[in-house]
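File shown: final_26.pdb (PDB, C-alpha atoms).
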ATOM      1  CA  MET A 277       8.487 -11.067   7.198
ATOM      2  CA  SER A 278      11.840 -11.001   5.389
ATOM      3  CA  MET A 279      14.743  -8.808   6.482
ATOM      4  CA  GLN A 280      13.800  -6.278   3.812
ATOM      5  CA  PHE A 281      11.333  -5.891   0.971
ATOM      6  CA  GLN A 282      10.542  -3.452  -1.783
ATOM      7  CA  LEU A 283       7.270  -1.557  -1.634
ATOM      8  CA  GLN A 284       4.947  -2.309  -4.507
ATOM      9  CA  ASN A 285       3.340   0.565  -6.457
ATOM     10  CA  ALA A 286       6.236   2.939  -5.910
ATOM     11  CA  PRO A 287       5.955   6.481  -7.328
ATOM     12  CA  ALA A 288       7.020   6.890 -10.951
ATOM     13  CA  ASP A 289       9.763   9.462 -10.308
ATOM     14  CA  ILE A 290      12.384  10.337  -7.674
ATOM     15  CA  ILE A 291      11.058   9.916  -4.114
ATOM     16  CA  SER A 292      12.036  13.121  -2.331
ATOM     17  CA  ALA A 293      11.007  12.181   1.234
ATOM     18  CA  VAL A 294       9.771   9.233   3.298
ATOM     19  CA  ARG A 295       8.067   9.842   6.671
ATOM     20  CA  PHE A 296       6.792   7.271   9.160
ATOM     21  CA  ASN A 297       3.682   8.097  11.178
ATOM     22  CA  PRO A 298       4.691   9.453  14.617
ATOM     23  CA  SER A 299       1.884   7.700  16.532
ATOM     24  CA  GLU A 300       2.518   4.318  18.132
ATOM     25  CA  ARG A 301      -0.691   2.816  16.752
ATOM     26  CA  TYR A 302       0.048   3.680  13.122
ATOM     27  CA  SER A 303       3.852   3.699  13.242
ATOM     28  CA  SER A 304       3.991   1.402  10.187
ATOM     29  CA  PHE A 305       2.202   3.969   7.973
ATOM     30  CA  LEU A 306       4.647   5.669   5.613
ATOM     31  CA  LEU A 307       4.275   8.838   3.557
ATOM     32  CA  ALA A 308       6.293   9.276   0.363
ATOM     33  CA  SER A 309       6.489  12.487  -1.673
ATOM     34  CA  SER A 310       7.738  12.367  -5.236
ATOM     35  CA  TRP A 311       8.818  14.376  -8.233
ATOM     36  CA  ASP A 312       5.901  12.765 -10.076
ATOM     37  CA  SER A 313       3.698  15.213  -8.076
ATOM     38  CA  THR A 314       2.120  12.494  -5.908
ATOM     39  CA  LEU A 315       1.884  11.883  -2.180
ATOM     40  CA  SER A 316       1.584   8.171  -1.369
ATOM     41  CA  LEU A 317       0.529   6.506   1.883
ATOM     42  CA  TYR A 318       1.634   2.902   2.555
ATOM     43  CA  ASP A 319       1.066   0.367   5.280
ATOM     44  CA  THR A 320       4.492  -1.234   5.676
ATOM     45  CA  SER A 321       3.396  -3.812   8.268
ATOM     46  CA  VAL A 322       2.513  -6.341   5.539
ATOM     47  CA  GLU A 323       4.860  -8.072   3.121
ATOM     48  CA  ASN A 324       5.619  -5.851   0.099
ATOM     49  CA  GLY A 325       3.548  -3.112   1.731
ATOM     50  CA  LYS A 326       0.071  -1.914   0.827
ATOM     51  CA  LEU A 327      -0.692   1.334  -0.974
ATOM     52  CA  LEU A 328      -3.515   2.871   1.041
ATOM     53  CA  THR A 329      -3.974   6.067  -0.944
ATOM     54  CA  ARG A 330      -2.248   8.255  -3.512
ATOM     55  CA  VAL A 331      -2.999  11.951  -3.857
ATOM     56  CA  ASP A 332      -2.135  13.810  -7.055
ATOM     57  CA  GLY A 333      -0.591  17.261  -6.738
ATOM     58  CA  VAL A 334      -0.100  19.845  -9.452
ATOM     59  CA  ALA A 335       3.722  20.025  -9.398
ATOM     60  CA  PRO A 336       6.690  17.947  -8.193
ATOM     61  CA  LEU A 337       6.806  17.518  -4.405
ATOM     62  CA  LEU A 338      10.091  18.126  -2.587
ATOM     63  CA  ASP A 339       8.990  17.263   0.960
ATOM     64  CA  CYS A 340       6.164  16.060   3.169
ATOM     65  CA  CYS A 341       5.427  15.563   6.860
ATOM     66  CA  TRP A 342       2.688  14.349   9.203
ATOM     67  CA  ASP A 343       0.619  16.631  11.398
ATOM     68  CA  GLU A 344       1.288  16.515  15.145
ATOM     69  CA  LEU A 345      -1.279  13.716  15.652
ATOM     70  CA  GLY A 346      -0.351  11.625  12.619
ATOM     71  CA  ARG A 347      -3.751  12.021  10.943
ATOM     72  CA  SER A 348      -3.117  14.426   8.067
ATOM     73  CA  ALA A 349      -0.127  15.409   5.971
ATOM     74  CA  TYR A 350       1.538  18.585   4.730
ATOM     75  CA  ILE A 351       3.289  18.898   1.380
ATOM     76  CA  GLY A 352       5.451  21.423  -0.445
ATOM     77  CA  GLY A 353       7.322  21.607  -3.724
ATOM     78  CA  LEU A 354       7.543  23.374  -7.048
ATOM     79  CA  GLU A 355       3.966  24.661  -6.814
ATOM     80  CA  ASN A 356       5.275  27.151  -4.200
ATOM     81  CA  ARG A 357       2.316  26.303  -1.953
ATOM     82  CA  VAL A 358       2.092  24.601   1.442
ATOM     83  CA  ARG A 359      -0.911  22.313   1.397
ATOM     84  CA  MET A 360      -2.667  20.246   4.041
ATOM     85  CA  VAL A 361      -3.790  16.826   2.781
ATOM     86  CA  ASP A 362      -6.758  14.936   4.230
ATOM     87  CA  LEU A 363      -5.531  11.376   3.720
ATOM     88  CA  GLU A 364      -9.017   9.863   3.965
ATOM     89  CA  SER A 365     -10.715  12.042   1.360
ATOM     90  CA  GLY A 366      -7.639  13.073  -0.624
ATOM     91  CA  ARG A 367      -8.685  16.722  -0.414
ATOM     92  CA  CYS A 368      -5.940  19.352  -0.370
ATOM     93  CA  SER A 369      -6.314  22.789   1.191
ATOM     94  CA  MET A 370      -3.814  25.624   0.858
ATOM     95  CA  LEU A 371      -2.098  26.680   4.068
ATOM     96  CA  GLY A 372       0.457  29.177   2.780
ATOM     97  CA  ALA A 373       2.508  30.333  -0.188
ATOM     98  CA  HIS A 374       6.113  31.183  -1.054
ATOM     99  CA  ASN A 375       7.581  33.020  -4.022
ATOM    100  CA  ASP A 376       9.718  30.064  -5.075
ATOM    101  CA  ALA A 377       9.863  26.317  -4.582
ATOM    102  CA  ILE A 378       9.340  24.913  -1.081
ATOM    103  CA  LYS A 379      12.281  22.659  -0.260
ATOM    104  CA  CYS A 380      11.345  21.628   3.307
ATOM    105  CA  VAL A 381       8.166  21.107   5.331
ATOM    106  CA  SER A 382       8.281  20.184   9.029
ATOM    107  CA  ILE A 383       5.943  20.095  12.027
ATOM    108  CA  HIS A 384       6.647  21.570  15.454
ATOM    109  CA  ARG A 385       4.713  19.009  17.493
ATOM    110  CA  PRO A 386       4.332  20.946  20.773
ATOM    111  CA  SER A 387       2.521  23.806  19.031
ATOM    112  CA  GLY A 388       1.190  22.097  15.912
ATOM    113  CA  LEU A 389       2.741  24.843  13.775
ATOM    114  CA  VAL A 390       3.888  23.922  10.272
ATOM    115  CA  VAL A 391       7.315  25.214   9.230
ATOM    116  CA  SER A 392       8.218  25.650   5.565
ATOM    117  CA  GLY A 393      11.596  26.565   4.086
ATOM    118  CA  SER A 394      11.918  27.827   0.550
ATOM    119  CA  TRP A 395      14.274  28.778  -2.231
ATOM    120  CA  ASP A 396      12.739  32.263  -1.904
ATOM    121  CA  ARG A 397      15.046  32.740   1.102
ATOM    122  CA  THR A 398      12.365  32.630   3.764
ATOM    123  CA  VAL A 399      11.157  30.328   6.517
ATOM    124  CA  GLN A 400       7.449  30.568   7.318
ATOM    125  CA  LEU A 401       5.330  29.351  10.235
ATOM    126  CA  HIS A 402       1.704  28.372   9.513
ATOM    127  CA  ASP A 403      -1.222  27.582  11.801
ATOM    128  CA  TYR A 404      -3.615  25.053  10.208
ATOM    129  CA  ARG A 405      -6.312  25.883  12.770
ATOM    130  CA  SER A 406      -6.740  29.344  11.312
ATOM    131  CA  SER A 407      -5.292  28.570   7.859
ATOM    132  CA  SER A 408      -2.998  31.540   8.308
ATOM    133  CA  ARG A 409       0.668  32.416   8.215
ATOM    134  CA  VAL A 410       2.002  33.172  11.676
ATOM    135  CA  HIS A 411       5.495  34.420  10.893
ATOM    136  CA  VAL A 412       7.999  34.991   8.071
ATOM    137  CA  SER A 413      11.760  35.013   8.648
ATOM    138  CA  SER A 414      13.991  36.350   5.888
ATOM    139  CA  LEU A 415      17.209  34.474   5.203
ATOM    140  CA  PRO A 416      20.418  35.328   3.348
ATOM    141  CA  HIS A 417      20.258  32.253   1.076
ATOM    142  CA  LYS A 418      18.017  29.508  -0.317
ATOM    143  CA  VAL A 419      16.928  26.800   2.121
ATOM    144  CA  PHE A 420      18.426  23.376   1.346
ATOM    145  CA  SER A 421      17.546  21.404   4.484
ATOM    146  CA  MET A 422      16.080  21.877   7.962
ATOM    147  CA  ASP A 423      15.046  19.935  11.046
ATOM    148  CA  ILE A 424      13.406  20.550  14.423
ATOM    149  CA  THR A 425      14.255  19.265  17.880
ATOM    150  CA  ARG A 426      12.130  20.397  20.824
ATOM    151  CA  ASN A 427      11.879  24.184  20.311
ATOM    152  CA  LEU A 428      14.937  24.569  18.106
ATOM    153  CA  LEU A 429      14.825  24.877  14.315
ATOM    154  CA  VAL A 430      18.049  24.310  12.362
ATOM    155  CA  VAL A 431      18.100  25.695   8.814
ATOM    156  CA  GLY A 432      20.860  24.802   6.348
ATOM    157  CA  MET A 433      21.195  27.107   3.369
ATOM    158  CA  ALA A 434      23.225  27.837   0.269
ATOM    159  CA  GLY A 435      26.506  29.612   0.926
ATOM    160  CA  ARG A 436      27.207  27.122   3.756
ATOM    161  CA  ALA A 437      25.080  29.243   6.100
ATOM    162  CA  VAL A 438      23.284  27.717   9.085
ATOM    163  CA  HIS A 439      20.716  29.547  11.229
ATOM    164  CA  ILE A 440      19.352  28.174  14.499
ATOM    165  CA  TYR A 441      16.027  29.554  15.760
ATOM    166  CA  ASP A 442      13.943  29.224  18.879
ATOM    167  CA  ILE A 443      10.518  28.650  17.329
ATOM    168  CA  ARG A 444       8.918  30.567  20.199
ATOM    169  CA  ASN A 445      10.776  33.685  19.036
ATOM    170  CA  MET A 446      11.470  33.715  15.304
ATOM    171  CA  ASP A 447      12.319  37.419  14.987
ATOM    172  CA  GLU A 448      16.046  36.677  14.963
ATOM    173  CA  PRO A 449      18.100  33.462  14.966
ATOM    174  CA  PHE A 450      19.815  32.981  18.285
ATOM    175  CA  GLN A 451      22.794  31.484  16.476
ATOM    176  CA  ARG A 452      24.245  32.205  13.043
ATOM    177  CA  ARG A 453      26.869  29.741  11.932
ATOM    178  CA  GLU A 454      28.970  28.747   8.977
ATOM    179  CA  SER A 455      28.764  25.061   8.140
ATOM    180  CA  SER A 456      31.605  22.906   9.404
ATOM    181  CA  LEU A 457      31.669  21.389   5.899
ATOM    182  CA  LYS A 458      33.496  23.067   3.028
ATOM    183  CA  HIS A 459      30.935  22.239   0.349
ATOM    184  CA  MET A 460      27.191  22.580  -0.243
ATOM    185  CA  THR A 461      24.901  21.263   2.496
ATOM    186  CA  ARG A 462      22.741  18.358   1.400
ATOM    187  CA  ALA A 463      20.997  17.211   4.629
ATOM    188  CA  ILE A 464      20.560  18.252   8.274
ATOM    189  CA  LYS A 465      19.178  16.058  11.065
ATOM    190  CA  CYS A 466      18.944  16.900  14.765
ATOM    191  CA  ILE A 467      20.377  14.580  17.424
ATOM    192  CA  PRO A 468      17.479  12.922  19.329
ATOM    193  CA  THR A 469      18.756  14.158  22.716
ATOM    194  CA  GLY A 470      18.476  17.759  21.506
ATOM    195  CA  ASP A 471      22.203  18.453  21.981
ATOM    196  CA  GLY A 472      23.018  19.314  18.387
ATOM    197  CA  TYR A 473      22.744  18.182  14.785
ATOM    198  CA  ALA A 474      24.470  16.274  12.009
ATOM    199  CA  SER A 475      24.878  17.707   8.528
ATOM    200  CA  SER A 476      26.113  16.243   5.264
ATOM    201  CA  SER A 477      27.520  17.681   2.072
ATOM    202  CA  ILE A 478      27.929  16.923  -1.612
ATOM    203  CA  GLU A 479      31.588  16.106  -0.929
ATOM    204  CA  GLY A 480      31.294  12.836   0.999
ATOM    205  CA  ARG A 481      31.463  14.229   4.527
ATOM    206  CA  ILE A 482      29.310  14.392   7.641
ATOM    207  CA  ALA A 483      29.740  16.944  10.433
ATOM    208  CA  VAL A 484      28.495  16.706  14.017
ATOM    209  CA  ASP A 485      27.800  20.065  15.703
ATOM    210  CA  PHE A 486      26.454  21.062  19.124
ATOM    211  CA  PHE A 487      24.116  23.873  20.194
ATOM    212  CA  ASP A 488      25.996  24.795  23.371
ATOM    213  CA  ALA A 489      28.320  27.636  22.382
ATOM    214  CA  SER A 490      30.743  27.163  25.275
ATOM    215  CA  PRO A 491      34.346  26.471  24.160
ATOM    216  CA  ASP A 492      34.451  23.084  25.934
ATOM    217  CA  VAL A 493      31.428  21.797  24.035
ATOM    218  CA  GLN A 494      32.400  23.357  20.706
ATOM    219  CA  ALA A 495      35.745  21.574  20.956
ATOM    220  CA  LYS A 496      33.845  18.288  20.580
ATOM    221  CA  LYS A 497      32.452  19.048  17.113
ATOM    222  CA  TYR A 498      34.056  17.204  14.231
ATOM    223  CA  ALA A 499      33.595  16.020  10.645
ATOM    224  CA  PHE A 500      34.476  12.755   8.946
ATOM    225  CA  LYS A 501      34.819  11.382   5.425
ATOM    226  CA  CYS A 502      32.326   8.822   4.143
ATOM    227  CA  HIS A 503      30.655   7.466   0.991
ATOM    228  CA  ARG A 504      33.911   7.404  -0.944
ATOM    229  CA  ALA A 505      35.553   4.723  -3.027
ATOM    230  CA  VAL A 506      38.628   4.049  -5.134
ATOM    231  CA  GLU A 507      37.468   3.319  -8.674
ATOM    232  CA  ASP A 508      39.901   2.748 -11.542
ATOM    233  CA  ASP A 509      42.743   3.885  -9.257
ATOM    234  CA  MET A 510      41.001   7.198  -8.632
ATOM    235  CA  ASP A 511      39.291   8.481  -5.487
ATOM    236  CA  THR A 512      35.566   8.943  -6.137
ATOM    237  CA  VAL A 513      33.556  11.123  -3.766
ATOM    238  CA  TYR A 514      29.762  10.876  -3.537
ATOM    239  CA  PRO A 515      27.173  13.289  -2.118
ATOM    240  CA  VAL A 516      25.620  12.239   1.196
ATOM    241  CA  ASN A 517      21.963  12.822   0.366
ATOM    242  CA  ALA A 518      20.161  11.640   3.496
ATOM    243  CA  LEU A 519      20.570  11.338   7.264
ATOM    244  CA  ALA A 520      18.475   9.781  10.024
ATOM    245  CA  PHE A 521      18.947   9.016  13.718
ATOM    246  CA  HIS A 522      17.840   5.831  15.464
ATOM    247  CA  PRO A 523      15.196   7.008  17.988
ATOM    248  CA  LEU A 524      16.239   4.480  20.653
ATOM    249  CA  HIS A 525      19.973   3.953  20.157
ATOM    250  CA  GLY A 526      20.826   7.492  19.049
ATOM    251  CA  THR A 527      23.116   6.241  16.286
ATOM    252  CA  LEU A 528      23.260   7.865  12.863
ATOM    253  CA  VAL A 529      22.297   6.469   9.452
ATOM    254  CA  SER A 530      23.574   7.973   6.205
ATOM    255  CA  GLY A 531      22.615   7.375   2.589
ATOM    256  CA  GLY A 532      24.767   8.387  -0.346
ATOM    257  CA  ALA A 533      24.779   8.739  -4.098
ATOM    258  CA  ASP A 534      27.004   5.643  -4.059
ATOM    259  CA  SER A 535      23.784   3.664  -3.374
ATOM    260  CA  LEU A 536      25.032   2.678   0.097
ATOM    261  CA  VAL A 537      23.444   3.022   3.550
ATOM    262  CA  CYS A 538      25.680   3.072   6.643
ATOM    263  CA  PHE A 539      25.115   3.064  10.417
ATOM    264  CA  TRP A 540      27.493   5.235  12.483
ATOM    265  CA  ASP A 541      28.265   5.540  16.176
ATOM    266  CA  TYR A 542      28.885   9.278  15.994
ATOM    267  CA  LYS A 543      30.058   9.437  19.619
ATOM    268  CA  ALA A 544      32.717   6.756  19.168
ATOM    269  CA  ARG A 545      33.381   8.018  15.627
ATOM    270  CA  LYS A 546      33.062   4.545  14.147
ATOM    271  CA  ARG A 547      31.063   2.925  11.360
ATOM    272  CA  LEU A 548      28.888   0.163  12.773
ATOM    273  CA  ARG A 549      27.493  -1.345   9.608
ATOM    274  CA  GLN A 550      27.223  -0.955   5.860
ATOM    275  CA  TYR A 551      24.347  -2.587   3.995
ATOM    276  CA  PRO A 552      24.693  -4.148   0.535
ATOM    277  CA  ARG A 553      24.436  -1.687  -2.330
ATOM    278  CA  TYR A 554      20.901  -0.632  -3.368
ATOM    279  CA  PRO A 555      19.754  -0.337  -7.004
ATOM    280  CA  GLY A 556      20.242   3.435  -7.196
ATOM    281  CA  PRO A 557      21.480   6.548  -5.354
ATOM    282  CA  ILE A 558      19.903   6.948  -1.898
ATOM    283  CA  GLN A 559      17.520   9.911  -1.798
ATOM    284  CA  ALA A 560      15.810   9.728   1.622
ATOM    285  CA  LEU A 561      15.878   7.787   4.894
ATOM    286  CA  GLU A 562      13.564   7.428   7.889
ATOM    287  CA  ILE A 563      13.422   5.134  10.939
ATOM    288  CA  ASP A 564      10.038   4.539  12.577
ATOM    289  CA  SER A 565       9.337   5.691  16.142
ATOM    290  CA  LYS A 566       9.806   2.154  17.517
ATOM    291  CA  GLY A 567      13.223   1.754  15.924
ATOM    292  CA  SER A 568      12.028  -1.403  14.185
ATOM    293  CA  ALA A 569      12.019  -0.376  10.510
ATOM    294  CA  LEU A 570      14.194   1.687   8.180
ATOM    295  CA  ALA A 571      12.661   3.194   5.031
ATOM    296  CA  ILE A 572      15.120   3.768   2.183
ATOM    297  CA  SER A 573      14.201   5.563  -1.018
ATOM    298  CA  TYR A 574      16.570   5.288  -3.965
ATOM    299  CA  GLY A 575      16.680   6.370  -7.581
ATOM    300  CA  GLY A 576      17.475   9.237  -9.840
ATOM    301  CA  ASP A 577      19.543   7.546 -12.540
ATOM    302  CA  VAL A 578      17.840   7.636 -15.933
ATOM    303  CA  GLU A 579      18.626   4.725 -18.226
ATOM    304  CA  VAL A 580      17.647   4.626 -21.888
ATOM    305  CA  GLY A 581      16.386   1.198 -22.948
ATOM    306  CA  LEU A 582      16.856  -0.539 -26.283
ATOM    307  CA  ASP A 583      13.524   0.843 -27.465
ATOM    308  CA  GLY A 584      14.726   4.392 -26.828
ATOM    309  CA  ASP A 585      12.427   4.941 -23.842
ATOM    310  CA  ALA A 586      13.932   6.441 -20.701
ATOM    311  CA  GLN A 587      13.556   4.212 -17.651
ATOM    312  CA  VAL A 588      13.948   5.749 -14.215
ATOM    313  CA  ASN A 589      15.020   3.295 -11.540
ATOM    314  CA  ASN A 590      13.197   4.421  -8.381
ATOM    315  CA  GLY A 591      11.905   2.541  -5.363
ATOM    316  CA  ILE A 592      11.386   2.293  -1.614
ATOM    317  CA  VAL A 593      12.852  -0.495   0.490
ATOM    318  CA  ILE A 594      11.631  -1.276   4.012
ATOM    319  CA  ARG A 595      14.312  -2.929   6.122
ATOM    320  CA  SER A 596      13.342  -4.602   9.399
ATOM    321  CA  LEU A 597      15.730  -3.643  12.209
ATOM    322  CA  ALA A 598      16.560  -6.238  14.837
ATOM    323  CA  PRO A 599      16.498  -4.986  18.481
ATOM    324  CA  GLY A 600      20.276  -4.610  18.584
ATOM    325  CA  GLU A 601      20.755  -3.438  15.019
ATOM    326  CA  GLY A 602      22.335  -0.014  14.941
ATOM    327  CA  ARG A 603      23.216  -0.086  18.627
ATOM    328  CA  SER A 604      26.562   1.277  19.754
ATOM    329  CA  LYS A 605      29.152  -1.389  20.558
ATOM    330  CA  ALA A 606      30.778   0.773  23.231
TER     331      ALA A 606
END

Take the structure from the file and write it as structure tokens.
Amino acid sequence: MSMQFQLQNAPADIISAVRFNPSERYSSFLLASSWDSTLSLYDTSVENGKLLTRVDGVAPLLDCCWDELGRSAYIGGLENRVRMVDLESGRCSMLGAHNDAIKCVSIHRPSGLVVSGSWDRTVQLHDYRSSSRVHVSSLPHKVFSMDITRNLLVVGMAGRAVHIYDIRNMDEPFQRRESSLKHMTRAIKCIPTGDGYASSSIEGRIAVDFFDASPDVQAKKYAFKCHRAVEDDMDTVYPVNALAFHPLHGTLVSGGADSLVCFWDYKARKRLRQYPRYPGPIQALEIDSKGSALAISYGGDVEVGLDGDAQVNNGIVIRSLAPGEGRSKA
């Protein structure tokens, strides 16, 4: 198989999320949610990938995730509904509802609870076994991004607000923070060791924060500039749309609106690698559980052809990662 290839039969609109199956047996299976209202399932273990199934929703999808066993999927988007998708039959069943678009859907694997974050300023917990809502937490702002590590849920919101919850007790966040970044949060991803999280903004920066509130640990947090360029003698700053951590090496991957993907050693504060430019702005990233493949979704630029028809340049690239690729050089 080549170093990287483009998946065939990509969704027709912006791909909002890509998620590898968490199980070892099916780690090459990839979910992709899209603004064209579809959820696609691919087998990326074959050249150019194989579309296994595509499920049509009723509104653009903003996120998706696997269940705790990697057998079914959950979706959310502009329909304002959390739905469970049976990937074999294509049937969708409603699990919960918000009063505005659902920006994020995640799974808490130890409990099997589904967590949804919405522009209606709430985070909800759902139990698929009873098809019921378990808890609702009110927030001060719209949810923009969230991630889970162990029992901790990190929620990034408008207004640069960040709330950190213990999922076992969602009545109140155990930490309320202001983002270390000065501009709107675009992505949040938890460090695999459970020590903290990385966040990115629309202003070409990434911050690394830690959960431990002690002064010694908080002194280690920092932010750095990235995804910037000098164009026509002017500094151009791009949003950092996507983040992912390597599950084995613990290094960080970022994807920007400059169409570039970079590997970072966040501990040594160094860039390890930058891949050649992709055909469009990076929208989502995901590394499989074995650390052997990186999924990159790009697109969002609309180009008008000579015939007057708008052509949206969207796609998903699967990059094979060598055993040492993305490893710290320290």

* Please identify all polymer residues within 7 Å of A:Cys341, counting all atoms listed in the file, omitting same-chain residues fewer than 5 positions from it, and present them as a PyMOL selection string. => chain A and resi 295+349-351+381-383

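Selection by the PyMOL selection byres ((chain A and resi 476) around 8) on the present file picks out Leu457, Thr461, Arg462, Ala463, Ile464, Ala474, Ser475, Ser477, Ile478, Gly480, Arg481, Ile482, Ala483, Val516, Asn517, Ala518 and Leu519 of chain A.
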
Grab the residues selected above and save them as a short mmCIF file (atom, residue, chain, number, x, y, z; two decimals), keeping the file's coordinate frame with C-alpha atoms.
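This is the output file result-v1.cif:
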data_model
loop_
_atom_site.label_atom_id
_atom_site.label_comp_id
_atom_site.auth_asym_id
_atom_site.auth_seq_id
_atom_site.Cartn_x
_atom_site.Cartn_y
_atom_site.Cartn_z
CA LEU A 457 31.67 21.39 5.90
CA THR A 461 24.90 21.26 2.50
CA ARG A 462 22.74 18.36 1.40
CA ALA A 463 21.00 17.21 4.63
CA ILE A 464 20.56 18.25 8.27
CA ALA A 474 24.47 16.27 12.01
CA SER A 475 24.88 17.71 8.53
CA SER A 477 27.52 17.68 2.07
CA ILE A 478 27.93 16.92 -1.61
CA GLY A 480 31.29 12.84 1.00
CA ARG A 481 31.46 14.23 4.53
CA ILE A 482 29.31 14.39 7.64
CA ALA A 483 29.74 16.94 10.43
CA VAL A 516 25.62 12.24 1.20
CA ASN A 517 21.96 12.82 0.37
CA ALA A 518 20.16 11.64 3.50
CA LEU A 519 20.57 11.34 7.26
#

* For the point (14.6, 17.4, 11.7) in file coordinates, what residues are within 9 Å, counting all atoms listed in the file? Give the answer as a ChimeraX atom specification? -> /A:382,421-425,429-430,464-467,473,520

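Pairwise distance (atom CA of A:Val294, atom CA of A:Asp471) equals 24.3 Å.
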
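Across the chains present, the PyMOL selection byres ((chain A and resi 566) around 8) applied to this file returns Glu300, Ser303, Pro523, Leu524, Asp564, Ser565, Gly567, Ser568 and Ala569 of chain A.
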
* Point-to-point distance in Å for atom CA of A:Gly353 and atom CA of A:Val419 -> 12.4 Å

* To do: Would you mind listing what lies within 10 Å of stretch 357-373 of chain A as a ChimeraX atom specification, with all atoms listed in the file counted and same-chain residues fewer than 2 positions away left out?
  => /A:315-317,328-333,335,340-343,347-355,375-378,380-381,390-392,394,400-410

Can you tell me, as AutoDock Vina command-line options, the centre and edge lengths (Å, one decimal) of the axis-aligned box enclosing all of stretch 300-309 of chain A's listed atoms after padding each side by 8 Å?
--center_x 2.9 --center_y 6.9 --center_z 8.2 --size_x 23.2 --size_y 27.1 --size_z 35.8

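Distances here use only C-alpha atoms; by that measure, the residue among A:Tyr514, A:Pro599, A:Trp540, A:Ser530 closest to A:Ile572 is A:Ser530.
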
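Here the PyMOL selection byres ((chain A and resi 432-443) around 6) captures the residues His417, Lys418, Val419, Phe420, Ser421, Met422, Asn427, Leu428, Leu429, Val430, Val431, Arg444, Asn445, Met446, Pro449, Phe450, Gln451, Arg452, Arg453, Glu454 and Ser455 of chain A.
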
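Candidate residues A:Asn590, A:Ser292, A:Gly556, A:Glu601 were compared for distance to A:Gly526, and the nearest is A:Glu601, using all atoms listed in the file.
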
* Give me the residues within 7 Å of A:Phe296 as a PyMOL selection string, counting only C-alpha atoms and dropping any in the same chain fewer than 5 places off. => chain A and resi 303-307+562+564

* Structure fact -> Here atom CA of A:Ala499 and atom CA of A:Leu548 stand apart by 16.7 Å

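Considering the residues A:Gly346, A:Gly591, A:Pro515, A:Gly576 and counting all atoms listed in the file, A:His503 has its shortest atom-to-atom contact with A:Pro515.
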
* Structure fact -> Of A:Leu570, A:Val493, A:Ile592, A:Val506, the one sitting nearest A:Ser310 when using all atoms listed in the file is A:Ile592
